[in-house]
file start.csv (CSV, C-alpha atoms)
chain,number,residue,atom,x,y,z
A,115,MET,CA,-38.5,57.7,3.9
A,116,LEU,CA,-39.4,55.2,6.6
A,117,ILE,CA,-41.9,53.5,4.2
A,118,LEU,CA,-39.2,53.3,1.5
A,119,LEU,CA,-36.7,51.8,3.9
A,120,LEU,CA,-39.2,49.2,5.0
A,121,THR,CA,-40.0,48.3,1.4
A,122,LEU,CA,-36.3,47.9,0.6
A,123,CYS,CA,-35.8,45.7,3.7
A,124,MET,CA,-38.6,43.5,2.7
A,125,ALA,CA,-37.3,43.1,-0.8
A,126,MET,CA,-33.9,42.0,0.6
A,127,THR,CA,-35.3,39.6,3.1
A,128,PRO,CA,-34.1,36.0,2.3
A,129,VAL,CA,-36.9,33.6,1.4
A,130,THR,CA,-37.9,31.2,4.1
A,131,VAL,CA,-40.7,28.7,4.0
A,132,SER,CA,-42.7,30.7,6.5
A,133,ALA,CA,-42.1,34.0,4.7
A,134,ASP,CA,-43.0,32.4,1.4
A,135,THR,CA,-46.3,31.2,2.8
A,136,LYS,CA,-47.2,34.8,3.7
A,137,ARG,CA,-45.8,36.6,0.6
A,138,VAL,CA,-46.1,34.2,-2.3
A,139,SER,CA,-48.3,31.2,-2.9
A,140,LYS,CA,-46.4,27.9,-3.2
A,141,ILE,CA,-46.8,26.0,-6.4
A,142,SER,CA,-48.3,22.5,-6.2
A,143,ASN,CA,-48.9,19.8,-8.8
A,144,GLY,CA,-52.5,20.9,-8.9
A,145,SER,CA,-52.0,24.5,-9.7
A,146,GLY,CA,-49.1,26.6,-11.0
A,147,ILE,CA,-46.9,23.9,-12.3
A,148,SER,CA,-47.6,20.3,-13.3
A,149,ALA,CA,-45.1,17.4,-13.4
A,150,GLY,CA,-43.4,17.2,-16.7
A,151,TYR,CA,-40.3,18.0,-18.8
A,152,TYR,CA,-39.1,21.7,-18.8
A,153,TYR,CA,-36.5,24.0,-20.1
A,154,LEU,CA,-35.5,26.4,-17.2
A,155,ILE,CA,-34.5,29.7,-18.6
A,156,PRO,CA,-32.8,32.4,-16.5
A,157,MET,CA,-34.3,35.8,-16.7
A,158,CYS,CA,-30.8,37.3,-17.0
A,159,ALA,CA,-30.0,35.3,-20.1
A,160,PRO,CA,-33.2,34.4,-22.1
A,161,ASN,CA,-31.2,32.5,-24.8
A,162,ARG,CA,-29.7,30.2,-22.1
A,163,VAL,CA,-31.1,27.2,-20.2
A,164,LEU,CA,-30.2,25.2,-17.1
A,165,SER,CA,-28.0,22.3,-18.2
A,166,ILE,CA,-25.5,19.7,-17.0
A,167,TYR,CA,-21.8,20.5,-17.9
A,168,GLY,CA,-20.7,18.6,-21.0
A,169,GLY,CA,-23.8,16.5,-21.1
A,170,ARG,CA,-22.1,14.2,-18.7
A,171,THR,CA,-24.1,11.5,-16.9
A,172,THR,CA,-21.8,11.0,-13.9
A,173,SER,CA,-22.8,12.0,-10.4
A,174,GLY,CA,-21.1,15.2,-9.1
A,175,THR,CA,-21.2,17.0,-12.5
A,176,LYS,CA,-22.1,20.6,-11.9
A,177,ALA,CA,-25.1,22.5,-13.2
A,178,VAL,CA,-24.3,25.2,-15.8
A,179,THR,CA,-26.1,27.2,-18.5
A,180,GLY,CA,-26.4,25.9,-22.0
A,181,ALA,CA,-27.7,27.1,-25.4
A,182,TYR,CA,-31.5,27.3,-25.7
A,183,ALA,CA,-31.7,24.4,-28.2
A,184,PHE,CA,-32.8,20.9,-27.7
A,185,ALA,CA,-30.3,18.5,-26.1
A,186,LYS,CA,-31.3,16.0,-23.4
A,187,GLN,CA,-28.9,17.4,-20.9
A,188,ARG,CA,-30.8,20.8,-21.1
A,189,VAL,CA,-34.2,19.4,-20.2
A,190,PHE,CA,-35.3,18.6,-16.7
A,191,TYR,CA,-38.2,16.5,-15.4
A,192,ILE,CA,-39.9,18.4,-12.5
A,193,SER,CA,-42.0,16.4,-10.2
A,194,GLY,CA,-43.6,16.9,-6.8
A,195,SER,CA,-41.8,15.6,-3.7
A,196,THR,CA,-42.6,15.7,0.1
A,197,GLY,CA,-43.7,18.8,2.0
A,198,GLY,CA,-44.5,20.8,-1.1
A,199,THR,CA,-41.0,20.5,-2.6
A,200,TYR,CA,-39.9,19.3,-6.0
A,201,THR,CA,-37.1,17.3,-7.6
A,202,LEU,CA,-35.4,18.3,-10.8
A,203,LYS,CA,-34.3,15.3,-12.8
A,204,ASN,CA,-32.1,15.6,-15.8
A,205,TYR,CA,-33.5,14.1,-19.0
A,206,LYS,CA,-30.2,12.6,-20.2
A,207,SER,CA,-28.6,11.4,-17.0
A,208,GLY,CA,-31.7,10.5,-15.0
A,209,LYS,CA,-30.0,12.1,-12.0
A,210,VAL,CA,-31.4,14.9,-9.9
A,211,LEU,CA,-30.1,18.3,-8.8
A,212,GLU,CA,-28.8,18.7,-5.3
A,213,ALA,CA,-27.0,21.2,-3.0
A,214,LYS,CA,-23.6,19.5,-3.0
A,215,ASN,CA,-22.6,18.1,0.5
A,216,ASN,CA,-25.7,19.9,2.0
A,217,THR,CA,-24.0,23.3,1.3
A,218,MET,CA,-25.8,26.3,2.6
A,219,LYS,CA,-23.1,28.8,1.6
A,220,ASN,CA,-23.6,31.6,-0.8
A,221,GLY,CA,-22.1,30.3,-4.1
A,222,GLY,CA,-22.5,26.7,-2.9
A,223,ALA,CA,-22.2,24.1,-5.7
A,224,VAL,CA,-25.2,22.5,-7.4
A,225,VAL,CA,-24.5,19.2,-8.9
A,226,GLN,CA,-26.4,16.1,-10.2
A,227,ALA,CA,-26.6,12.9,-8.2
A,228,SER,CA,-28.5,9.7,-8.1
A,229,TYR,CA,-31.8,10.1,-6.4
A,230,SER,CA,-31.7,9.2,-2.7
A,231,SER,CA,-34.7,11.2,-1.3
A,232,ALA,CA,-32.2,13.3,0.6
A,233,THR,CA,-33.4,16.8,1.7
A,234,ARG,CA,-30.6,18.4,-0.3
A,235,GLN,CA,-32.3,17.1,-3.5
A,236,ARG,CA,-35.6,18.9,-2.8
A,237,TRP,CA,-36.5,22.4,-4.0
A,238,TYR,CA,-39.3,24.8,-3.4
A,239,ILE,CA,-40.6,26.4,-6.6
A,240,MET,CA,-42.4,29.7,-6.1
A,241,ASN,CA,-44.3,31.8,-8.6
A,242,ARG,CA,-42.9,35.3,-9.1
A,243,GLY,CA,-45.5,36.5,-11.6
A,244,GLY,CA,-44.5,34.6,-14.8
A,245,TYR,CA,-41.1,33.6,-13.4
A,246,TYR,CA,-40.1,31.2,-10.7
A,247,THR,CA,-37.7,31.2,-7.8
A,248,ILE,CA,-36.1,27.8,-7.0
A,249,GLN,CA,-35.2,27.5,-3.3
A,250,SER,CA,-33.1,24.8,-1.7
A,251,SER,CA,-35.1,23.1,1.0
A,252,ILE,CA,-32.2,23.0,3.4
A,253,SER,CA,-31.4,26.7,3.3
A,254,LYS,CA,-32.6,30.2,2.5
A,255,LYS,CA,-30.6,30.1,-0.7
A,256,VAL,CA,-32.0,30.0,-4.2
A,257,LEU,CA,-30.8,28.7,-7.6
A,258,GLY,CA,-29.0,31.4,-9.6
A,259,VAL,CA,-26.5,32.0,-12.5
A,260,HIS,CA,-23.1,33.1,-11.2
A,261,SER,CA,-22.7,36.8,-11.7
A,262,GLY,CA,-25.7,36.9,-14.0
A,263,SER,CA,-23.5,35.6,-16.8
A,264,THR,CA,-24.9,35.3,-20.3
A,265,LYS,CA,-22.2,33.0,-21.5
A,266,ILE,CA,-22.6,29.3,-22.2
A,267,ALA,CA,-21.4,27.0,-19.4
A,268,ALA,CA,-21.8,29.7,-16.8
A,269,THR,CA,-21.9,28.1,-13.3
A,270,VAL,CA,-25.3,27.7,-11.7
A,271,ASN,CA,-25.1,27.7,-7.9
A,272,ILE,CA,-27.1,28.6,-4.8
A,273,GLN,CA,-27.2,32.2,-3.8
A,274,THR,CA,-28.5,34.5,-1.1
A,275,TYR,CA,-31.9,35.7,-2.3
A,276,THR,CA,-32.0,39.2,-3.7
A,277,ASN,CA,-34.8,38.8,-6.3
A,278,ALA,CA,-32.2,39.5,-9.0
A,279,SER,CA,-32.9,38.4,-12.6
A,280,LYS,CA,-30.1,35.8,-12.3
A,281,GLN,CA,-32.3,34.1,-9.7
A,282,ARG,CA,-35.5,34.1,-11.6
A,283,TRP,CA,-36.4,31.3,-14.0
A,284,LYS,CA,-38.9,30.9,-16.7
A,285,LEU,CA,-40.3,27.3,-17.2
A,286,VAL,CA,-41.1,26.3,-20.7
A,287,LYS,CA,-42.8,22.9,-21.2
A,288,TYR,CA,-41.0,20.4,-23.4
A,289,THR,CA,-42.9,17.4,-24.8
A,290,PRO,CA,-40.6,14.5,-25.8
A,291,LYS,CA,-41.3,13.1,-29.2
A,292,LYS,CA,-43.0,9.8,-29.1
A,293,THR,CA,-40.9,7.1,-30.6
A,294,THR,CA,-42.2,4.0,-32.2
A,295,PRO,CA,-40.2,1.1,-30.9
A,296,THR,CA,-38.6,-1.0,-33.6
A,297,PRO,CA,-40.6,-4.2,-33.9
A,298,LYS,CA,-38.7,-7.2,-32.7
A,299,ARG,CA,-37.2,-9.4,-35.4
A,300,LEU,CA,-38.7,-12.8,-35.0
A,301,VAL,CA,-36.4,-14.9,-37.1
A,302,TYR,CA,-32.9,-15.2,-38.6
A,303,SER,CA,-30.8,-12.5,-37.2
A,304,SER,CA,-27.5,-14.1,-38.0
A,305,THR,CA,-26.1,-16.4,-40.7
A,306,VAL,CA,-25.1,-20.0,-40.7
A,307,ASN,CA,-21.7,-20.0,-42.3
A,308,GLY,CA,-19.8,-22.7,-44.1
A,309,LYS,CA,-22.4,-25.5,-43.6
A,310,LYS,CA,-23.0,-25.9,-47.3
A,311,THR,CA,-26.5,-27.3,-47.1
A,312,LEU,CA,-29.6,-26.2,-48.9
A,313,LYS,CA,-31.3,-25.5,-45.6
A,314,SER,CA,-28.6,-23.1,-44.4
A,315,TYR,CA,-28.6,-21.5,-47.9
A,316,LEU,CA,-32.3,-20.6,-47.6
A,317,GLN,CA,-31.9,-19.6,-44.0
A,318,ASN,CA,-29.1,-17.2,-44.9
A,319,ALA,CA,-31.3,-15.8,-47.6
A,320,MET,CA,-33.8,-14.8,-44.9
A,321,VAL,CA,-31.3,-12.8,-42.8
A,322,PRO,CA,-31.4,-9.5,-44.8
A,323,VAL,CA,-35.1,-9.9,-45.6
A,324,GLY,CA,-37.3,-7.0,-44.4
A,325,ARG,CA,-34.4,-4.8,-43.2
A,326,THR,CA,-32.2,-4.2,-46.2
A,327,LEU,CA,-32.9,-1.6,-48.9
A,328,TYR,CA,-32.2,-2.0,-52.6
A,329,ILE,CA,-29.0,-0.3,-53.6
A,330,TRP,CA,-28.1,-0.3,-57.3
A,331,GLY,CA,-24.7,-1.9,-57.3
A,332,GLY,CA,-25.0,-3.0,-53.7
A,333,GLY,CA,-23.0,-6.2,-53.2
A,334,TRP,CA,-20.6,-5.6,-56.1
A,335,GLY,CA,-18.0,-4.2,-53.7
A,336,SER,CA,-16.5,-6.3,-51.0
A,337,ASP,CA,-19.7,-6.4,-49.0
A,338,ALA,CA,-20.9,-9.5,-51.1
A,339,SER,CA,-18.0,-11.5,-49.6
A,340,ILE,CA,-18.4,-10.4,-46.0
A,341,ILE,CA,-19.6,-12.8,-43.4
A,342,GLY,CA,-22.9,-11.8,-41.6
A,343,TYR,CA,-25.5,-9.1,-41.8
A,344,GLN,CA,-23.9,-5.7,-42.0
A,345,SER,CA,-24.7,-2.9,-39.5
A,346,ASN,CA,-24.6,-0.3,-42.2
A,347,TRP,CA,-27.4,-2.0,-44.1
A,348,ASN,CA,-29.6,-1.8,-41.0
A,349,LYS,CA,-28.5,1.8,-40.3
A,350,PHE,CA,-29.4,2.9,-43.8
A,351,PHE,CA,-32.7,1.0,-43.6
A,352,LEU,CA,-33.7,2.6,-40.3
A,353,GLU,CA,-33.0,6.1,-41.7
A,354,TYR,CA,-34.4,5.7,-45.2
A,355,GLY,CA,-36.8,2.7,-45.1
A,356,LYS,CA,-40.0,4.6,-45.4
A,357,SER,CA,-42.7,5.5,-48.0
A,358,GLY,CA,-41.2,7.2,-51.0
A,359,TYR,CA,-37.8,5.6,-50.9
A,360,ASP,CA,-36.2,6.1,-54.3
A,361,TYR,CA,-33.3,3.8,-55.0
A,362,THR,CA,-32.2,5.8,-58.0
A,363,LYS,CA,-30.9,8.5,-55.6
A,364,TYR,CA,-28.5,6.0,-54.1
A,365,ARG,CA,-26.9,4.2,-57.0
A,366,PHE,CA,-23.5,2.6,-56.2
A,367,LYS,CA,-23.7,3.6,-52.5
A,368,TYR,CA,-21.6,0.5,-51.6
A,369,GLY,CA,-21.9,-1.0,-48.2
A,370,TYR,CA,-25.5,0.2,-47.5
A,371,GLY,CA,-27.7,-2.3,-49.2
A,372,LEU,CA,-27.9,-5.0,-51.9
A,373,ASP,CA,-29.1,-5.3,-55.4
A,374,CYS,CA,-30.4,-8.6,-56.8
A,375,SER,CA,-27.0,-9.9,-57.9
A,376,GLY,CA,-25.4,-8.7,-54.7
A,377,PHE,CA,-28.0,-10.4,-52.6
A,378,ALA,CA,-27.6,-13.7,-54.5
A,379,ALA,CA,-23.8,-13.5,-54.1
A,380,TRP,CA,-23.9,-12.6,-50.4
A,381,THR,CA,-26.3,-15.5,-49.6
A,382,LEU,CA,-24.1,-18.0,-51.4
A,383,TYR,CA,-20.9,-16.7,-49.9
A,384,ASN,CA,-22.2,-17.0,-46.4
A,385,THR,CA,-23.3,-20.5,-47.1
A,386,LEU,CA,-19.9,-21.6,-48.5
A,387,TYR,CA,-17.4,-19.7,-46.3
A,388,THR,CA,-16.7,-18.9,-42.7
A,389,LYS,CA,-14.3,-15.9,-43.2
A,390,SER,CA,-14.7,-12.7,-45.2
A,391,LYS,CA,-13.1,-11.9,-48.5
A,392,GLN,CA,-12.0,-15.4,-49.4
A,393,ALA,CA,-13.4,-15.4,-52.9
A,394,SER,CA,-15.9,-13.6,-55.2
A,395,VAL,CA,-19.1,-15.2,-56.3
A,396,VAL,CA,-20.9,-12.1,-57.6
A,397,TYR,CA,-22.1,-12.2,-61.3
A,398,GLN,CA,-24.3,-10.1,-63.5
A,399,SER,CA,-27.9,-11.0,-62.8
A,400,SER,CA,-28.7,-12.5,-66.2
A,401,THR,CA,-25.6,-14.8,-65.9
A,402,VAL,CA,-25.8,-15.9,-62.3
A,403,ALA,CA,-27.4,-19.2,-63.2
A,404,SER,CA,-25.1,-20.0,-66.1
A,405,ASN,CA,-22.0,-19.2,-64.1
A,406,TYR,CA,-23.1,-21.6,-61.3
A,407,ALA,CA,-23.6,-24.3,-63.9
A,408,ALA,CA,-20.3,-23.6,-65.6
A,409,LYS,CA,-18.6,-24.3,-62.3
A,410,GLY,CA,-20.3,-27.6,-62.0
A,411,TRP,CA,-22.3,-26.5,-59.0
A,412,ALA,CA,-25.7,-26.8,-60.8
A,413,THR,CA,-27.7,-28.1,-63.7
A,414,LEU,CA,-28.8,-25.3,-66.1
A,415,ALA,CA,-32.1,-25.0,-67.9
A,416,ARG,CA,-32.3,-22.3,-70.6
A,417,ASN,CA,-35.0,-19.9,-71.9
A,418,GLY,CA,-37.9,-21.2,-69.9
A,419,SER,CA,-37.5,-24.8,-71.1
A,420,ASP,CA,-38.4,-26.2,-67.6
A,421,ARG,CA,-41.5,-24.7,-65.9
A,422,THR,CA,-40.9,-26.4,-62.5
A,423,PHE,CA,-39.3,-24.4,-59.7
A,424,LYS,CA,-37.8,-26.3,-56.9
A,425,PRO,CA,-36.7,-24.8,-53.5
A,426,GLY,CA,-33.2,-23.3,-53.9
A,427,ASP,CA,-33.4,-22.9,-57.7
A,428,VAL,CA,-31.6,-19.7,-58.8
A,429,VAL,CA,-33.4,-18.0,-61.6
A,430,SER,CA,-31.7,-15.5,-63.9
A,431,ARG,CA,-33.9,-13.2,-65.9
A,432,SER,CA,-32.8,-10.3,-68.2
A,433,GLY,CA,-31.8,-7.7,-65.6
A,434,HIS,CA,-32.8,-9.7,-62.5
A,435,VAL,CA,-32.1,-12.8,-60.4
A,436,TRP,CA,-34.1,-14.5,-57.7
A,437,ILE,CA,-34.0,-17.6,-55.4
A,438,SER,CA,-37.0,-20.0,-55.4
A,439,LEU,CA,-38.6,-21.1,-52.2
A,440,GLY,CA,-40.9,-23.5,-53.9
A,441,GLN,CA,-43.9,-23.9,-56.2
A,442,TYR,CA,-47.6,-24.3,-55.3
A,443,SER,CA,-50.1,-26.6,-56.9
A,444,ASP,CA,-51.6,-23.7,-58.8
A,445,GLY,CA,-48.2,-23.1,-60.5
A,446,SER,CA,-47.5,-19.9,-58.6
A,447,VAL,CA,-44.0,-19.6,-57.2
A,448,ILE,CA,-42.8,-18.0,-53.9
A,449,PHE,CA,-39.3,-16.6,-53.9
A,450,VAL,CA,-36.8,-14.3,-52.2
A,451,HIS,CA,-35.0,-11.5,-54.0
A,452,SER,CA,-33.7,-7.9,-53.7
A,453,THR,CA,-35.9,-5.6,-55.8
A,454,PRO,CA,-37.0,-2.1,-55.2
A,455,THR,CA,-37.6,-1.4,-52.4
A,456,GLY,CA,-35.3,-4.1,-51.0
A,457,VAL,CA,-34.8,-7.7,-49.9
A,458,GLN,CA,-38.1,-9.4,-49.5
A,459,ILE,CA,-40.2,-12.5,-50.1
A,460,SER,CA,-42.5,-12.2,-53.1
A,461,GLY,CA,-44.9,-14.5,-55.0
A,462,THR,CA,-46.5,-14.7,-58.4
A,463,SER,CA,-50.2,-14.3,-58.7
A,464,GLY,CA,-52.1,-17.1,-56.8
A,465,THR,CA,-51.3,-18.9,-53.6
A,466,ALA,CA,-47.7,-17.8,-53.6
A,467,ALA,CA,-48.6,-14.1,-53.5
A,468,THR,CA,-51.0,-14.7,-50.6
A,469,LYS,CA,-48.4,-16.7,-48.7
A,470,ALA,CA,-45.6,-14.1,-49.4
A,471,ALA,CA,-47.8,-11.3,-47.9
A,472,TYR,CA,-48.5,-13.5,-44.9
A,473,TYR,CA,-44.9,-14.3,-44.1
A,474,MET,CA,-43.7,-10.8,-44.6
A,475,LYS,CA,-46.3,-9.3,-42.3
A,476,LYS,CA,-45.9,-11.9,-39.6
A,477,TYR,CA,-42.2,-12.6,-39.5
A,478,PHE,CA,-40.7,-9.3,-40.8
A,479,PRO,CA,-42.8,-6.6,-39.1
A,480,GLU,CA,-40.1,-4.0,-39.4
A,481,TRP,CA,-40.6,-4.0,-43.2
A,482,PRO,CA,-42.7,-0.8,-44.0
A,483,TYR,CA,-43.8,-1.7,-47.5
A,484,SER,CA,-46.7,-3.7,-48.7
A,485,THR,CA,-46.0,-7.0,-50.5
A,486,LYS,CA,-46.5,-6.8,-54.2
A,487,THR,CA,-47.9,-9.6,-56.3
A,488,MET,CA,-45.4,-10.3,-59.1
A,489,SER,CA,-46.6,-11.0,-62.6
A,490,SER,CA,-46.2,-14.4,-64.3
A,491,SER,CA,-43.4,-12.9,-66.4
A,492,TYR,CA,-41.2,-13.6,-63.4
A,493,LEU,CA,-41.4,-17.3,-64.4
A,494,THR,CA,-39.7,-16.7,-67.7
A,495,TYR,CA,-36.0,-16.8,-67.6
A,496,VAL,CA,-32.7,-17.0,-69.6
A,497,GLY,CA,-31.2,-19.4,-67.2
A,498,LYS,CA,-32.3,-21.5,-64.2
A,499,ALA,CA,-29.7,-23.2,-62.0
A,500,ARG,CA,-30.7,-26.2,-59.9
A,501,TRP,CA,-28.1,-27.3,-57.4
A,502,ASN,CA,-26.4,-30.5,-58.0
A,503,ILE,CA,-26.8,-32.6,-54.8
A,504,GLY,CA,-24.4,-35.4,-54.0
A,505,THR,CA,-22.7,-35.4,-57.4
A,506,THR,CA,-19.2,-34.8,-58.6
A,507,GLY,CA,-18.3,-31.2,-58.2
A,508,ALA,CA,-21.3,-30.4,-56.1
A,509,ILE,CA,-20.9,-27.8,-53.4
A,510,MET,CA,-24.3,-28.1,-51.8
A,511,LYS,CA,-25.8,-30.9,-49.7
A,512,ASP,CA,-29.4,-31.5,-48.9
A,513,PRO,CA,-29.7,-33.9,-45.9
A,514,ASP,CA,-33.2,-32.4,-45.1
A,515,GLY,CA,-34.6,-33.3,-48.5
A,516,ILE,CA,-35.6,-29.7,-49.2
A,517,GLN,CA,-35.2,-30.0,-53.0
A,518,LYS,CA,-38.0,-32.5,-53.0
A,519,MET,CA,-40.4,-30.6,-50.7
A,520,SER,CA,-43.5,-28.7,-51.5
A,521,ALA,CA,-43.5,-24.9,-51.0
A,522,ASP,CA,-45.7,-25.3,-47.9
A,523,LYS,CA,-43.3,-27.7,-46.3
A,524,VAL,CA,-40.3,-25.5,-47.1
A,525,MET,CA,-41.9,-22.5,-45.5
A,526,LYS,CA,-43.0,-24.5,-42.5
A,527,LEU,CA,-39.4,-25.8,-42.1
A,528,LEU,CA,-38.1,-22.2,-42.3
A,529,PHE,CA,-40.7,-20.5,-40.1
A,530,GLY,CA,-42.5,-23.2,-38.2
A,531,SER,CA,-45.9,-22.4,-39.6
call {"tool": "encode", "arguments": {"input": "start.csv", "output": "structure tokens"}}
result
Amino acid sequence: MLILLLTLCMAMTPVTVSADTKRVSKISNGSGISAGYYYLIPMCAPNRVLSIYGGRTTSGTKAVTGAYAFAKQRVFYISGSTGGTYTLKNYKSGKVLEAKNNTMKNGGAVVQASYSSATRQRWYIMNRGGYYTIQSSISKKVLGVHSGSTKIAATVNIQTYTNASKQRWKLVKYTPKKTTPTPKRLVYSSTVNGKKTLKSYLQNAMVPVGRTLYIWGGGWGSDASIIGYQSNWNKFFLEYGKSGYDYTKYRFKYGYGLDCSGFAAWTLYNTLYTKSKQASVVYQSSTVASNYAAKGWATLARNGSDRTFKPGDVVSRSGHVWISLGQYSDGSVIFVHSTPTGVQISGTSGTAATKAAYYMKKYFPEWPYSTKTMSSSYLTYVGKARWNIGTTGAIMKDPDGIQKMSADKVMKLLFGS
């Protein structure tokens, strides 16, 4: 009877640092637990984890239980502190757990707060044979779930140690997923609006390059007459811009990308206007060139009658339209267009194809696709519009002399190399 009584008294004795040294080995970075991210699961409720109420990031928010499923507010970074203690930093808020106002009372509040190296923010973590006791370094109290509740959002506080299941915690390692940072866009993040020069026209054409996917019908809604690059284009690209993208699954998903006609219209609109929805300049791909000419904006060549391609020429083929960036001495042409998989610089076989691959890789590193060499059939057309510069009815100026430049000079003007 005396032995039994002594055993019960020992089991009920509150944990102290000295008692812990005698009865249970302390955990250190080099042994039982290593620094890292963890779920802390109470033994009384194995489908719950330590969390921060409401996922809030403000100091003073209380510790509670949450569902055992990933959310940053339910993950804690445990790292060693002074004197064999640890800090528990919430993954979402970056704040650490502390005994509020240095409380040493049974049921005292546990909250998150900005790290200050205060003693109330340090905890002893002790191995209990597969489970752990987490003891406040300022008292004999341990971290526990109020009343051993199994409910979500049950309060977690400090409690007189009884070795109850509500005071024992299982630590499960969590490894954050490695995220690949989005490469920094090197050029042309925003448009030049209403300037009406050939230079601003070509610069605007570069803005959606490498970050806008091909959407059949994209640009035929109001998005072709909206000023600036659209956030939904980028959002859709970041989610779906990867190997295997199939544009046929997203036909007419207006507002999330551009087809060839939509790209040509959006580029021209942003060059001519400073406000959204002032006019519509979108036309069927095979008629874009002829419509520009009919308005007196450009001179029209038909059916491949002219085999020269100057910077800024708009070329309509059967089912496609593209904007010339210039022609090299070997006859190859570098151009910009929206084609599966999206808005990109391309070139026909020869120097243009090599140059297109170089510019896409160097200046548009976010683009996940290889640059394709286009066949010489791209140089056949039903209509080719060459902007009238400085004539009656002209809408485009060319103070930089771009229309007379070689392809190399145009690319150097646009990219600096």
call {"tool": "residues_around", "arguments": {"input": "start.csv", "residues": "Ile340 of chain A", "least_positions_apart": "4", "cutoff": "7 Å", "atoms": "all atoms listed in the file", "output": "list in words"}}
result
Ser336, Ser390 and Lys391 of chain A
call {"tool": "atom_distance", "arguments": {"input": "start.csv", "atom1": "atom CA of Asp512 of chain A", "atom2": "atom CA of Tyr315 of chain A"}}
result
10.1 Å
call {"tool": "residues_near_point", "arguments": {"input": "start.csv", "point": "(-30.6, 27.4, -6.7)", "cutoff": "10 Å", "atoms": "all atoms listed in the file", "output": "PyMOL selection string"}}
result
chain A and resi 177+211-213+221-224+237-238+247-251+254-259+270-275+281-282
call {"tool": "closest_residue", "arguments": {"input": "start.csv", "among": "A:Leu312, A:Val396, A:Val447, A:Ala471", "to": "Ala508 of chain A", "atoms": "all atoms listed in the file"}}
result
A:Leu312
call {"tool": "atom_distance", "arguments": {"input": "start.csv", "atom1": "atom CA of Phe190 of chain A", "atom2": "atom CA of Lys284 of chain A"}}
result
12.8 Å
call {"tool": "atom_distance", "arguments": {"input": "start.csv", "atom1": "atom CA of Ala149 of chain A", "atom2": "atom CA of Gly194 of chain A"}}
result
6.8 Å
call {"tool": "closest_residue", "arguments": {"input": "start.csv", "among": "A:Lys409, A:Ala466, A:Val435, A:Gly426", "to": "Thr506 of chain A", "atoms": "all atoms listed in the file"}}
result
A:Lys409
call {"tool": "residues_around", "arguments": {"input": "start.csv", "residues": "Gln441 of chain A", "least_positions_apart": "2", "cutoff": "9 Å", "atoms": "all atoms listed in the file", "output": "PyMOL selection string"}}
result
chain A and resi 422-425+438-439+443-449+466+520-522
call {"tool": "write_last_selection", "arguments": {"input": "start.csv", "atoms": "C-alpha atoms", "output": "short mmCIF file (atom, residue, chain, number, x, y, z; two decimals), in the frame of the given file"}}
result
data_model
loop_
_atom_site.label_atom_id
_atom_site.label_comp_id
_atom_site.auth_asym_id
_atom_site.auth_seq_id
_atom_site.Cartn_x
_atom_site.Cartn_y
_atom_site.Cartn_z
CA THR A 422 -40.90 -26.40 -62.50
CA PHE A 423 -39.30 -24.40 -59.70
CA LYS A 424 -37.80 -26.30 -56.90
CA PRO A 425 -36.70 -24.80 -53.50
CA SER A 438 -37.00 -20.00 -55.40
CA LEU A 439 -38.60 -21.10 -52.20
CA SER A 443 -50.10 -26.60 -56.90
CA ASP A 444 -51.60 -23.70 -58.80
CA GLY A 445 -48.20 -23.10 -60.50
CA SER A 446 -47.50 -19.90 -58.60
CA VAL A 447 -44.00 -19.60 -57.20
CA ILE A 448 -42.80 -18.00 -53.90
CA PHE A 449 -39.30 -16.60 -53.90
CA ALA A 466 -47.70 -17.80 -53.60
CA SER A 520 -43.50 -28.70 -51.50
CA ALA A 521 -43.50 -24.90 -51.00
CA ASP A 522 -45.70 -25.30 -47.90
#
call {"tool": "closest_residue", "arguments": {"input": "start.csv", "among": "A:Arg234, A:Arg325, A:Arg162, A:Lys309", "to": "Pro479 of chain A", "atoms": "all atoms listed in the file"}}
result
A:Arg325
call {"tool": "closest_residue", "arguments": {"input": "start.csv", "among": "A:Trp330, A:Tyr167, A:Tyr354, A:Tyr153", "to": "Gln226 of chain A", "atoms": "all atoms listed in the file"}}
result
A:Tyr167
call {"tool": "residues_near_point", "arguments": {"input": "start.csv", "point": "(-30.6, 8.9, -22.9)", "cutoff": "10 Å", "atoms": "only C-alpha atoms", "output": "short mmCIF file (atom, residue, chain, number, x, y, z; two decimals) with C-alpha atoms, keeping the file's coordinate frame"}}
result
data_model
loop_
_atom_site.label_atom_id
_atom_site.label_comp_id
_atom_site.auth_asym_id
_atom_site.auth_seq_id
_atom_site.Cartn_x
_atom_site.Cartn_y
_atom_site.Cartn_z
CA THR A 171 -24.10 11.50 -16.90
CA LYS A 186 -31.30 16.00 -23.40
CA GLN A 187 -28.90 17.40 -20.90
CA ASN A 204 -32.10 15.60 -15.80
CA TYR A 205 -33.50 14.10 -19.00
CA LYS A 206 -30.20 12.60 -20.20
CA SER A 207 -28.60 11.40 -17.00
CA GLY A 208 -31.70 10.50 -15.00
#
call {"tool": "residues_around", "arguments": {"input": "start.csv", "residues": "Tyr361 of chain A", "least_positions_apart": "4", "cutoff": "8 Å", "atoms": "all atoms listed in the file", "output": "PyMOL selection string"}}
result
chain A and resi 328-330+365+454-455
call {"tool": "closest_residue", "arguments": {"input": "start.csv", "among": "A:Val189, A:Ala378, A:Ile516, A:Ala403", "to": "Lys313 of chain A", "atoms": "all atoms listed in the file"}}
result
A:Ile516
